[in-house]
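Visitor: Structure file structure-v9.txt (compact mmCIF, C-alpha atoms and all ligand atoms) right here:
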# COMPACT_ATOMS: atom_id res chain seq x y z
CA MET A 1 -8.12 24.36 10.87
CA THR A 2 -9.97 22.20 8.34
CA THR A 3 -11.10 18.66 8.99
CA VAL A 4 -9.74 15.78 6.93
CA LEU A 5 -11.18 12.28 7.12
CA ALA A 6 -8.85 9.27 7.22
CA LEU A 7 -10.72 6.11 6.15
CA ILE A 8 -9.20 3.09 7.83
CA ASP A 9 -8.75 -0.30 6.15
CA THR A 10 -9.53 -3.19 8.48
CA ALA A 11 -9.39 -6.96 8.26
CA PRO A 12 -12.77 -8.77 8.38
CA ASP A 13 -12.36 -9.22 12.17
CA GLY A 14 -11.92 -5.44 12.61
CA THR A 15 -8.13 -5.44 13.06
CA VAL A 16 -6.60 -2.21 11.77
CA ARG A 17 -4.44 -2.83 8.68
CA PRO A 18 -0.82 -1.52 8.56
CA THR A 19 -1.77 1.02 5.87
CA ALA A 20 -3.59 3.09 8.54
CA GLY A 21 -0.41 4.83 9.76
CA GLY A 22 0.36 6.41 6.39
CA VAL A 23 -3.28 7.38 5.79
CA LEU A 24 -3.45 9.10 9.20
CA ALA A 25 -0.12 10.88 8.67
CA ALA A 26 -1.21 12.12 5.22
CA ALA A 27 -4.57 13.33 6.57
CA ALA A 28 -2.80 15.14 9.43
CA THR A 29 -0.60 16.94 6.87
CA LEU A 30 -3.76 18.44 5.35
CA GLY A 31 -5.74 19.35 8.47
CA ASP A 32 -7.28 17.95 11.65
CA ALA A 33 -7.39 14.23 10.93
CA VAL A 34 -10.50 12.31 11.97
CA ALA A 35 -10.20 8.54 11.55
CA VAL A 36 -13.33 6.75 10.33
CA VAL A 37 -13.58 3.02 10.88
CA ALA A 38 -16.36 0.43 10.46
CA VAL A 39 -15.85 -2.84 12.33
CA PRO A 40 -17.89 -5.82 13.55
CA PRO A 41 -19.61 -5.48 16.97
CA GLY A 42 -17.13 -5.62 19.86
CA ALA A 43 -14.09 -4.68 17.77
CA GLY A 44 -14.43 -0.89 18.06
CA SER A 45 -12.41 -0.25 21.19
CA ALA A 46 -9.42 -2.33 20.03
CA ALA A 47 -9.51 -0.53 16.67
CA ALA A 48 -9.60 2.89 18.39
CA GLN A 49 -6.68 1.85 20.60
CA SER A 50 -4.62 0.73 17.59
CA LEU A 51 -5.40 4.01 15.83
CA GLY A 52 -4.34 5.98 18.91
CA ALA A 53 -1.01 4.14 18.85
CA LEU A 54 -0.65 5.30 15.23
CA GLY A 55 -1.31 8.92 16.22
CA ALA A 56 -5.08 9.35 15.71
CA THR A 57 -6.45 12.11 17.94
CA ALA A 58 -10.10 11.65 16.87
CA VAL A 59 -11.76 8.39 15.87
CA ARG A 60 -15.34 7.77 14.71
CA VAL A 61 -16.20 4.13 15.25
CA THR A 62 -19.19 2.41 13.67
CA GLU A 63 -19.81 -1.10 14.92
CA THR A 64 -22.01 -3.15 12.61
CA PRO A 65 -22.28 -6.85 11.72
CA ASP A 66 -22.29 -5.68 8.08
CA ALA A 67 -18.58 -4.81 8.43
CA ALA A 68 -17.75 -8.50 8.23
CA THR A 69 -20.41 -9.54 5.75
CA LEU A 70 -20.87 -6.73 3.20
CA LEU A 71 -18.17 -5.86 0.70
CA GLY A 72 -16.91 -2.31 1.24
CA THR A 73 -20.08 -0.36 1.82
CA PRO A 74 -20.14 -0.15 5.67
CA LEU A 75 -17.00 2.04 5.60
CA VAL A 76 -18.42 4.12 2.75
CA ASP A 77 -21.71 4.57 4.65
CA ALA A 78 -19.80 5.66 7.78
CA ALA A 79 -17.64 8.04 5.74
CA ALA A 80 -20.65 9.60 4.01
CA VAL A 81 -22.25 10.31 7.40
CA ALA A 82 -18.97 11.83 8.68
CA ALA A 83 -18.59 13.93 5.52
CA ALA A 84 -22.13 15.33 5.90
CA GLU A 85 -21.48 16.24 9.55
CA LEU A 86 -17.91 17.53 9.37
CA THR A 87 -17.64 18.95 5.79
CA PRO A 88 -14.01 17.86 5.41
CA ALA A 89 -11.62 19.45 2.92
CA ALA A 90 -10.35 16.03 1.91
CA ILE A 91 -10.89 12.33 2.53
CA VAL A 92 -7.81 10.07 2.47
CA VAL A 93 -7.89 6.31 1.99
CA SER A 94 -5.21 3.77 1.08
CA HIS A 95 -4.64 2.82 -2.57
CA THR A 96 -5.32 -0.84 -1.79
CA VAL A 97 -8.04 -2.89 -3.48
CA ASP A 98 -10.44 -2.17 -0.60
CA GLY A 99 -9.37 1.48 -0.38
CA ARG A 100 -9.85 2.08 -4.09
CA ASP A 101 -13.26 0.47 -3.93
CA ALA A 102 -14.29 2.71 -1.00
CA ALA A 103 -12.87 5.84 -2.66
CA GLY A 104 -14.70 5.27 -5.95
CA ARG A 105 -18.00 4.58 -4.24
CA LEU A 106 -17.63 7.58 -1.94
CA ALA A 107 -16.64 10.02 -4.69
CA ALA A 108 -19.66 8.91 -6.73
CA ARG A 109 -21.95 9.18 -3.74
CA LEU A 110 -20.74 12.66 -2.72
CA ALA A 111 -20.31 13.80 -6.36
CA ALA A 112 -16.80 14.73 -5.22
CA PRO A 113 -13.51 14.81 -7.17
CA LEU A 114 -11.22 11.79 -6.89
CA ALA A 115 -7.40 11.86 -6.97
CA VAL A 116 -5.99 8.34 -7.23
CA ASP A 117 -2.62 6.85 -6.31
CA ALA A 118 -1.17 9.90 -4.54
CA VAL A 119 2.52 9.73 -3.64
CA ALA A 120 2.52 13.01 -1.67
CA VAL A 121 -0.07 15.43 -0.30
CA ARG A 122 0.22 18.96 1.05
CA SER A 123 -1.91 21.95 1.87
CA ASP A 124 -1.22 25.51 0.83
CA ALA A 125 -3.53 28.29 2.11
CA GLY A 126 -6.44 25.85 2.24
CA ARG A 127 -5.75 24.43 -1.22
CA VAL A 128 -5.16 20.68 -1.28
CA ASP A 129 -2.30 19.58 -3.56
CA VAL A 130 -1.79 15.94 -4.51
CA GLU A 131 1.21 14.51 -6.38
CA HIS A 132 0.99 11.45 -8.61
CA SER A 133 3.84 9.48 -10.18
CA VAL A 134 2.68 8.43 -13.68
CA PHE A 135 3.90 6.58 -16.77
CA GLY A 136 6.09 4.26 -14.74
CA GLY A 137 7.44 7.12 -12.67
CA ALA A 138 8.60 9.16 -15.69
CA TYR A 139 6.42 12.16 -14.75
CA THR A 140 5.09 13.72 -11.57
CA VAL A 141 1.61 15.20 -11.96
CA LEU A 142 -0.07 17.61 -9.56
CA SER A 143 -3.82 17.77 -8.92
CA SER A 144 -5.25 20.49 -6.69
CA VAL A 145 -8.59 21.59 -5.30
CA GLU A 146 -9.27 25.11 -4.06
CA PRO A 147 -10.79 25.56 -0.60
CA GLY A 148 -14.55 25.69 -0.14
CA GLY A 149 -15.57 23.12 -2.74
CA ASP A 150 -16.44 19.46 -2.48
CA PRO A 151 -14.00 17.33 -0.48
CA LEU A 152 -11.21 15.79 -2.54
CA VAL A 153 -11.22 12.01 -2.17
CA ILE A 154 -7.59 10.83 -2.27
CA THR A 155 -6.22 7.29 -2.53
CA LEU A 156 -2.71 7.18 -1.06
CA ARG A 157 -0.04 4.83 -2.41
CA THR A 158 0.95 2.46 0.38
CA GLY A 159 4.30 3.41 1.88
CA ALA A 160 4.35 6.81 0.16
CA VAL A 161 3.93 8.60 3.50
CA ASP A 162 5.79 7.37 6.56
CA ALA A 163 3.67 6.49 9.59
CA ALA A 164 5.33 9.08 11.77
CA LEU A 165 2.65 10.58 14.01
CA PRO A 166 3.33 10.40 17.74
CA PRO A 167 0.98 8.10 19.71
CA ALA A 168 -2.15 9.84 21.04
CA THR A 169 -5.15 9.14 23.24
CA PRO A 170 -7.96 9.65 20.75
CA GLU A 171 -11.34 11.17 21.38
CA VAL A 172 -13.60 8.30 20.34
CA THR A 173 -17.09 8.94 18.95
CA SER A 174 -19.39 5.99 18.54
CA VAL A 175 -21.54 6.48 15.44
CA PRO A 176 -24.51 4.18 14.81
CA ALA A 177 -24.59 2.42 11.45
CA SER A 178 -26.88 3.97 8.87
CA ALA A 179 -29.11 1.76 6.71
CA ALA A 180 -26.78 -0.51 4.80
CA SER A 181 -26.30 0.22 1.12
CA PRO A 182 -26.70 -2.68 -1.29
CA ALA A 183 -23.46 -4.62 -1.68
CA ALA A 184 -22.04 -8.01 -2.51
CA THR A 185 -22.17 -10.39 0.44
CA VAL A 186 -18.95 -11.97 1.71
CA ASP A 187 -19.38 -15.72 2.31
CA ALA A 188 -15.84 -16.49 3.46
CA THR A 189 -12.45 -14.82 3.62
CA HIS A 190 -8.92 -16.16 3.69
CA ASP A 191 -5.50 -14.56 3.76
CA ALA A 192 -4.37 -14.57 0.13
CA ALA A 193 -0.78 -13.56 0.88
CA GLY A 194 -0.05 -16.87 2.59
CA GLY A 195 3.19 -15.41 3.84
CA GLY A 196 2.96 -16.66 7.44
CA ASP A 197 4.61 -14.14 9.75
CA ARG A 198 5.88 -11.96 6.93
CA PRO A 199 4.55 -8.40 6.63
CA GLU A 200 1.80 -7.67 4.12
CA LEU A 201 3.16 -6.66 0.73
CA ALA A 202 1.09 -3.47 0.63
CA GLY A 203 2.54 -1.23 3.29
CA ALA A 204 5.72 -3.24 4.07
CA ALA A 205 8.83 -1.18 4.85
CA VAL A 206 11.09 -3.64 3.03
CA VAL A 207 10.15 -5.73 -0.02
CA VAL A 208 12.25 -8.44 -1.70
CA SER A 209 10.91 -9.40 -5.12
CA GLY A 210 11.92 -12.16 -7.49
CA GLY A 211 11.55 -12.45 -11.24
CA ARG A 212 11.89 -14.93 -14.07
CA GLY A 213 15.64 -14.99 -13.39
CA LEU A 214 14.95 -17.26 -10.40
CA GLY A 215 14.14 -19.99 -12.89
CA SER A 216 11.75 -22.17 -10.89
CA GLN A 217 9.33 -22.34 -7.99
CA GLN A 218 11.93 -24.22 -5.93
CA ASN A 219 14.57 -21.58 -6.58
CA PHE A 220 12.13 -18.84 -5.55
CA ALA A 221 12.78 -19.99 -1.95
CA LEU A 222 15.96 -17.93 -2.25
CA VAL A 223 13.85 -14.75 -2.46
CA GLU A 224 11.97 -15.85 0.66
CA ARG A 225 15.23 -16.58 2.52
CA LEU A 226 16.51 -13.06 1.89
CA ALA A 227 13.11 -11.59 2.77
CA ASP A 228 13.09 -13.48 6.08
CA ALA A 229 16.64 -12.40 6.88
CA LEU A 230 15.49 -8.78 6.46
CA GLY A 231 11.98 -9.10 7.96
CA ALA A 232 10.64 -8.14 4.53
CA ALA A 233 7.54 -8.88 2.47
CA VAL A 234 7.90 -11.01 -0.66
CA GLY A 235 6.93 -9.70 -4.09
CA ALA A 236 7.33 -10.94 -7.65
CA SER A 237 7.28 -9.86 -11.26
CA ARG A 238 4.43 -10.89 -13.48
CA ALA A 239 6.72 -13.27 -15.35
CA ALA A 240 7.43 -15.08 -12.07
CA VAL A 241 3.70 -15.23 -11.35
CA ASP A 242 2.85 -16.42 -14.87
CA ALA A 243 5.51 -19.13 -14.56
CA GLY A 244 3.78 -20.37 -11.40
CA PHE A 245 6.62 -19.57 -8.97
CA VAL A 246 4.22 -17.70 -6.64
CA PRO A 247 0.50 -16.75 -6.51
CA GLN A 248 -0.79 -13.62 -8.25
CA SER A 249 -1.22 -11.81 -4.91
CA TYR A 250 2.60 -11.42 -4.90
CA GLN A 251 2.70 -9.49 -8.17
CA VAL A 252 4.15 -5.99 -8.02
CA GLY A 253 3.40 -3.61 -10.85
CA GLN A 254 0.86 -2.00 -13.08
CA THR A 255 -1.54 -4.93 -12.87
CA GLY A 256 -0.47 -6.04 -9.39
CA VAL A 257 0.22 -4.37 -6.07
CA THR A 258 1.75 -0.88 -5.97
CA VAL A 259 4.39 -0.62 -3.25
CA SER A 260 6.57 2.21 -2.00
CA PRO A 261 8.75 0.65 0.72
CA LYS A 262 11.86 2.21 2.23
CA LEU A 263 13.89 -0.57 0.59
CA TYR A 264 13.00 -2.60 -2.53
CA ILE A 265 15.30 -5.43 -3.62
CA ALA A 266 14.76 -6.81 -7.14
CA LEU A 267 16.28 -10.24 -7.81
CA GLY A 268 16.43 -11.50 -11.40
CA ILE A 269 13.95 -8.85 -12.56
CA SER A 270 14.64 -6.97 -15.81
CA GLY A 271 12.71 -3.81 -14.83
CA ALA A 272 10.01 -3.65 -17.51
CA ILE A 273 7.96 -0.45 -17.35
CA GLN A 274 4.91 -2.35 -16.07
CA HIS A 275 6.97 -3.63 -13.12
CA ARG A 276 8.54 -0.26 -12.44
CA ALA A 277 5.10 1.36 -12.31
CA GLY A 278 4.48 -0.56 -9.10
CA MET A 279 7.76 0.07 -7.26
CA GLN A 280 9.54 3.07 -8.73
CA THR A 281 8.73 5.39 -5.81
CA SER A 282 10.49 3.09 -3.31
CA GLY A 283 12.96 4.90 -1.04
CA ARG A 284 16.02 2.80 -2.02
CA ILE A 285 16.12 0.31 -4.88
CA VAL A 286 18.67 -2.49 -4.98
CA ALA A 287 18.91 -4.73 -8.06
CA ILE A 288 20.81 -7.96 -8.63
CA ASN A 289 20.89 -9.07 -12.25
CA THR A 290 23.37 -10.85 -14.51
CA ASP A 291 22.64 -8.46 -17.39
CA GLU A 292 24.38 -5.14 -16.84
CA SER A 293 22.09 -3.47 -19.41
CA ALA A 294 18.86 -4.55 -17.65
CA PRO A 295 16.57 -1.48 -17.33
CA ILE A 296 16.19 -2.08 -13.58
CA PHE A 297 19.70 -0.64 -13.17
CA ASP A 298 18.47 2.70 -14.60
CA ILE A 299 16.40 3.26 -11.46
CA ALA A 300 18.48 1.33 -8.91
CA ASP A 301 20.34 3.17 -6.15
CA PHE A 302 22.61 0.14 -5.73
CA GLY A 303 23.15 -2.45 -8.42
CA ILE A 304 25.03 -5.73 -8.41
CA VAL A 305 25.78 -7.29 -11.79
CA GLY A 306 25.84 -10.89 -10.70
CA ASP A 307 24.11 -14.22 -10.39
CA VAL A 308 21.40 -14.29 -7.72
CA PHE A 309 22.41 -17.87 -6.88
CA THR A 310 25.88 -16.65 -5.91
CA VAL A 311 25.13 -13.20 -4.49
CA VAL A 312 21.98 -13.87 -2.46
CA PRO A 313 23.26 -16.84 -0.40
CA ALA A 314 26.36 -14.78 0.47
CA LEU A 315 24.15 -11.84 1.41
CA VAL A 316 21.89 -13.97 3.62
CA GLU A 317 24.94 -15.49 5.30
CA ALA A 318 26.38 -12.04 6.00
CA LEU A 319 23.07 -10.80 7.41
CA GLU A 320 22.71 -13.85 9.63
CA ALA A 321 26.33 -13.55 10.83
CA ARG A 322 25.70 -9.92 11.74
CA ARG A 323 22.64 -10.87 13.78
CA SER A 324 24.33 -13.64 15.78
P1 LIG A 401 12.36 -10.95 -17.61
O1 LIG A 401 12.03 -9.69 -18.32
O2 LIG A 401 12.47 -12.19 -18.40
O3 LIG A 401 13.72 -10.68 -16.82
C1 LIG A 401 14.41 -11.67 -16.13
C2 LIG A 401 15.71 -11.05 -15.70
O4 LIG A 401 16.42 -11.96 -14.89
C3 LIG A 401 16.62 -10.67 -16.85
O5 LIG A 401 16.96 -9.29 -16.78
C4 LIG A 401 17.85 -11.55 -16.66
O6 LIG A 401 19.06 -10.88 -17.03
C5 LIG A 401 17.80 -11.82 -15.18
N1 LIG A 401 18.45 -13.06 -14.79
C6 LIG A 401 18.35 -14.29 -15.35
N2 LIG A 401 19.04 -15.19 -14.63
C7 LIG A 401 19.60 -14.53 -13.60
C8 LIG A 401 20.41 -14.91 -12.51
N3 LIG A 401 20.78 -16.21 -12.33
N4 LIG A 401 20.81 -13.98 -11.62
C9 LIG A 401 20.45 -12.68 -11.77
N5 LIG A 401 19.66 -12.25 -12.79
C10 LIG A 401 19.23 -13.18 -13.69
N6 LIG A 401 5.09 -7.15 -15.08
C11 LIG A 401 5.18 -7.00 -13.75
O7 LIG A 401 6.20 -7.32 -13.13
N7 LIG A 401 4.12 -6.47 -13.06
C12 LIG A 401 2.97 -6.08 -13.65
O8 LIG A 401 2.04 -5.64 -12.97
C13 LIG A 401 2.87 -6.22 -15.07
N8 LIG A 401 1.76 -5.83 -15.72
C14 LIG A 401 1.72 -5.92 -17.08
C15 LIG A 401 0.61 -5.43 -17.77
C16 LIG A 401 0.57 -5.50 -19.13
C17 LIG A 401 -0.63 -4.97 -19.85
C18 LIG A 401 1.64 -6.08 -19.87
C19 LIG A 401 1.61 -6.14 -21.34
C20 LIG A 401 2.73 -6.57 -19.19
C21 LIG A 401 2.79 -6.51 -17.79
N9 LIG A 401 3.89 -7.00 -17.10
C22 LIG A 401 3.97 -6.81 -15.75
C23 LIG A 401 4.94 -7.81 -17.75
C24 LIG A 401 6.20 -7.03 -18.07
O9 LIG A 401 6.09 -6.41 -19.32
C25 LIG A 401 7.42 -7.97 -18.08
O10 LIG A 401 7.19 -9.01 -19.01
C26 LIG A 401 7.73 -8.61 -16.73
O11 LIG A 401 7.81 -7.62 -15.75
C27 LIG A 401 9.08 -9.33 -16.85
O12 LIG A 401 9.35 -9.99 -15.64
P2 LIG A 401 10.84 -10.35 -15.24
O13 LIG A 401 11.62 -9.09 -15.13
O14 LIG A 401 10.78 -11.26 -14.07
O15 LIG A 401 11.32 -11.25 -16.47
If you took the structure in this file and wrote it as structure tokens, what would it be?
Ligand code: FAD
Guide:
Amino acid sequence: MTTVLALIDTAPDGTVRPTAGGVLAAAATLGDAVAVVAVPPGAGSAAAQSLGALGATAVRVTETPDAATLLGTPLVDAAAVAAAELTPAAIVVSHTVDGRDAAGRLAARLAAPLAVDAVAVRSDAGRVDVEHSVFGGAYTVLSSVEPGGDPLVITLRTGAVDAALPPATPEVTSVPASAASPAATVDATHDAAGGGDRPELAGAAVVVSGGRGLGSQQNFALVERLADALGAAVGASRAAVDAGFVPQSYQVGQTGVTVSPKLYIALGISGAIQHRAGMQTSGRIVAINTDESAPIFDIADFGIVGDVFTVVPALVEALEARRS
């Protein structure tokens, strides 16, 4: 069977990000998945353990102080070494900001083809097929590479593949860091999401997003109440961001975060194509909007024509009553 590398996103302290499960599952669909991770010294064994819990059977760990201080390149360096040794058929990484950065650098370095924002991957007689959802989800496009060529570098839309591998005890290989490539230096990091205990927007199983229909920053608390009742991440439309209801890191869409949760709830969002581009591949879409002709209803599985200020409090109350 062919080898496929799974590049793992980590926080600056080396903690494995939630996107790893989907990346591992996608890589395992294509061949023997080998996880590649670059973390600060001392963080390797915890990272390998987390990856085992997500189903990794083989993990290459590079511990280097550069993982916390250089932007992106330690993972790319580790992946390039793994690619030279293992000649993988494909290299899968998450379609997050960090993942896209790593994928672009790696494809350039290996002179390899790059398939971005995959929503599904499969292998057929050694050929690697990748599906993309384009033009706001209006078309599905297939890109393929035949066996025996350069590895296909794939960025995987977060949430597009369920993290469904059974837990494993991985074979862990410690790989020394190669000479660091030039990169921007990180002076300080902070969690931009600011969502407390809420899940990260990228990779969350449930997302509740609010739009201009919420009317104000104070009213946006309603979106957060529903999100907390469901254990969901909070997202927003660009109009809500531009109006100052929430920071830009909450924005879902073409120029924000792309999400593909099991459940996406849109509150007071019209469903402009730029918003849909970032959420259209969600498993189930629920929309609440006063305007029955809002385009969001064209893609919603369940729609409520109603006022968020009436429907959402009732919904939260019902959810809380069910829990108690
Ligand atoms: P609106 O379109 O104003 O819709 C508000 C909705 O709330 C309406 O449908 C209204 O009926 C409903 N409403 C009002 N009051 C209530 C109520 N009390 N209860 C229930 N419903 C109510 N947008 C993004 O979201 N993400 C992007 O990444 C993005 N990128 C863009 C990139 C470019 C280059 C451009 C040009 C635009 C981009 N946009 C993006 C903006 C996009 O075109 C829309 O303007 C934006 O998505 C609209 O946000 P909205 O749905 O919150 O606001």
Visitor: Residues contacting ligand LIG 401 (chain A) - anything with an atom at most 6 Å away, using all atoms listed in the file - can you give me those as a VMD selection string?
Guide: chain A and resid 211 to 213 237 to 240 251 to 256 268 to 272 274 to 275 288 to 291 294 306 to 309
Visitor: Considering all atoms listed in the file, can you say which of A:Leu142, A:Val23, A:Ala180, A:Ala112 comes closest to A:Pro74?
Guide: A:Ala180
Visitor: Given the choices A:Glu146, A:Ala287, A:Thr173, A:Gln217, which gets closest to A:Val36 if the distance is worked out from only C-alpha atoms?
Guide: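 The shortest atom-to-atom distance to A:Val36 comes from A:Thr173.
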Visitor: List as an MDAnalysis selection string the protein and nucleic acid residues near A:Ala107, meaning an atom at most 9 Å away when all atoms listed in the file are counted, but skip any in the same chain fewer than 4 places from it.
Guide: chainID A and resid 102:103 111:114 151:153
Visitor: Calculated over all atoms listed in the file, which of the candidates A:Leu315, A:Ala90, A:Val175, A:Val116 has the smallest distance to A:Asp150?
Guide: A:Ala90
Visitor: For A:Thr155, work out the shell of residues within 10 Å, counting only C-alpha atoms and skipping chain neighbours fewer than 4 positions away, then give it as a list of chain:residue names.
Guide: A:Leu7, A:Val23, A:Ile91, A:Val92, A:Val93, A:Ser94, A:His95, A:Thr96, A:Gly99, A:Arg100, A:Asp101, A:Ala102, A:Ala103, A:Gly104, A:Leu114, A:Ala115, A:Val116, A:Asp117, A:Ala118, A:Val119, A:Val130
Visitor: To one decimal place, how far is atom CA of A:Leu230 from atom CA of A:His132 in Å?
Guide: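 Spanning atom CA of A:Leu230 to atom CA of A:His132 is a straight-line distance of 29.1 Å.
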Visitor: Would you mind telling me which residue in A:Asp242, A:Asp32, A:Asp197, A:Asp77 lies nearest to A:Glu224 when using only C-alpha atoms?
Guide: A:Asp197
Visitor: Extract, using only C-alpha atoms, all DNA, RNA and protein residues at most 12 Å from A:Asp66, discarding same-chain residues fewer than 4 positions from it, and format them as a ChimeraX atom specification.
Guide: /A:12-14,38-41,62,70-78,177-187
Visitor: Write out as a list in words which residues come within 7 Å of stretch 53-60 of chain A when counting all atoms listed in the file, dropping same-chain ones fewer than 6 positions away.
Guide: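 Answer for this query is Gly21, Leu24, Val34, Ala35, Val36, Val37, Leu165, Pro166, Pro167, Ala168, Thr169, Pro170, Glu171, Val172, Thr173, Ser174 and Val175 of chain A.
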Visitor: Quick one: pull the distance between atom CA of A:Gln280 and atom CA of A:Gly137, Å, one decimal.
Guide: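 Computed distance, atom CA of A:Gln280 to atom CA of A:Gly137, equals 6.0 Å.
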Visitor: Which residue is closest to A:Tyr264? Choose from A:Gly303, A:Pro247, A:Pro295, A:Gly215 and count only C-alpha atoms.
Guide: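 Closest to A:Tyr264 of all the choices is A:Gly303.
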Visitor: Go ahead and compute the interatomic distance for atom CA of A:Ala229 and atom CA of A:Val97, in Å to one decimal.
Guide: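 So the answer is 28.4 Å.
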Visitor: Box in all listed atoms of stretch 106-123 of chain A, axis-aligned, with 5 Å more on each side; write out centre and edge lengths in Å to one decimal as AutoDock Vina command-line options.
Guide:
--center_x -9.7 --center_y 14.4 --center_z -2.7 --size_x 34.5 --size_y 25.1 --size_z 19.1
Visitor: My list of candidates is A:Ser143, A:Asp301, A:Val312, A:Arg284. Which is closest to A:Gly210 when distances are computed with all atoms listed in the file?
Guide: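 That would be A:Val312, the residue with the smallest distance to A:Gly210.
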Visitor: Taking 3 positions as the minimum chain separation for residues in the same chain, which residues sit within 12 Å of A:Val316 when counting only C-alpha atoms? Answer as a list of chain:residue names.
Guide: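 Selected residues are A:Leu222, A:Val223, A:Glu224, A:Arg225, A:Leu226, A:Ala227, A:Asp228, A:Ala229, A:Leu230, A:Gly231, A:Val308, A:Phe309, A:Thr310, A:Val311, A:Val312, A:Pro313, A:Leu319, A:Glu320, A:Ala321, A:Arg322, A:Arg323.
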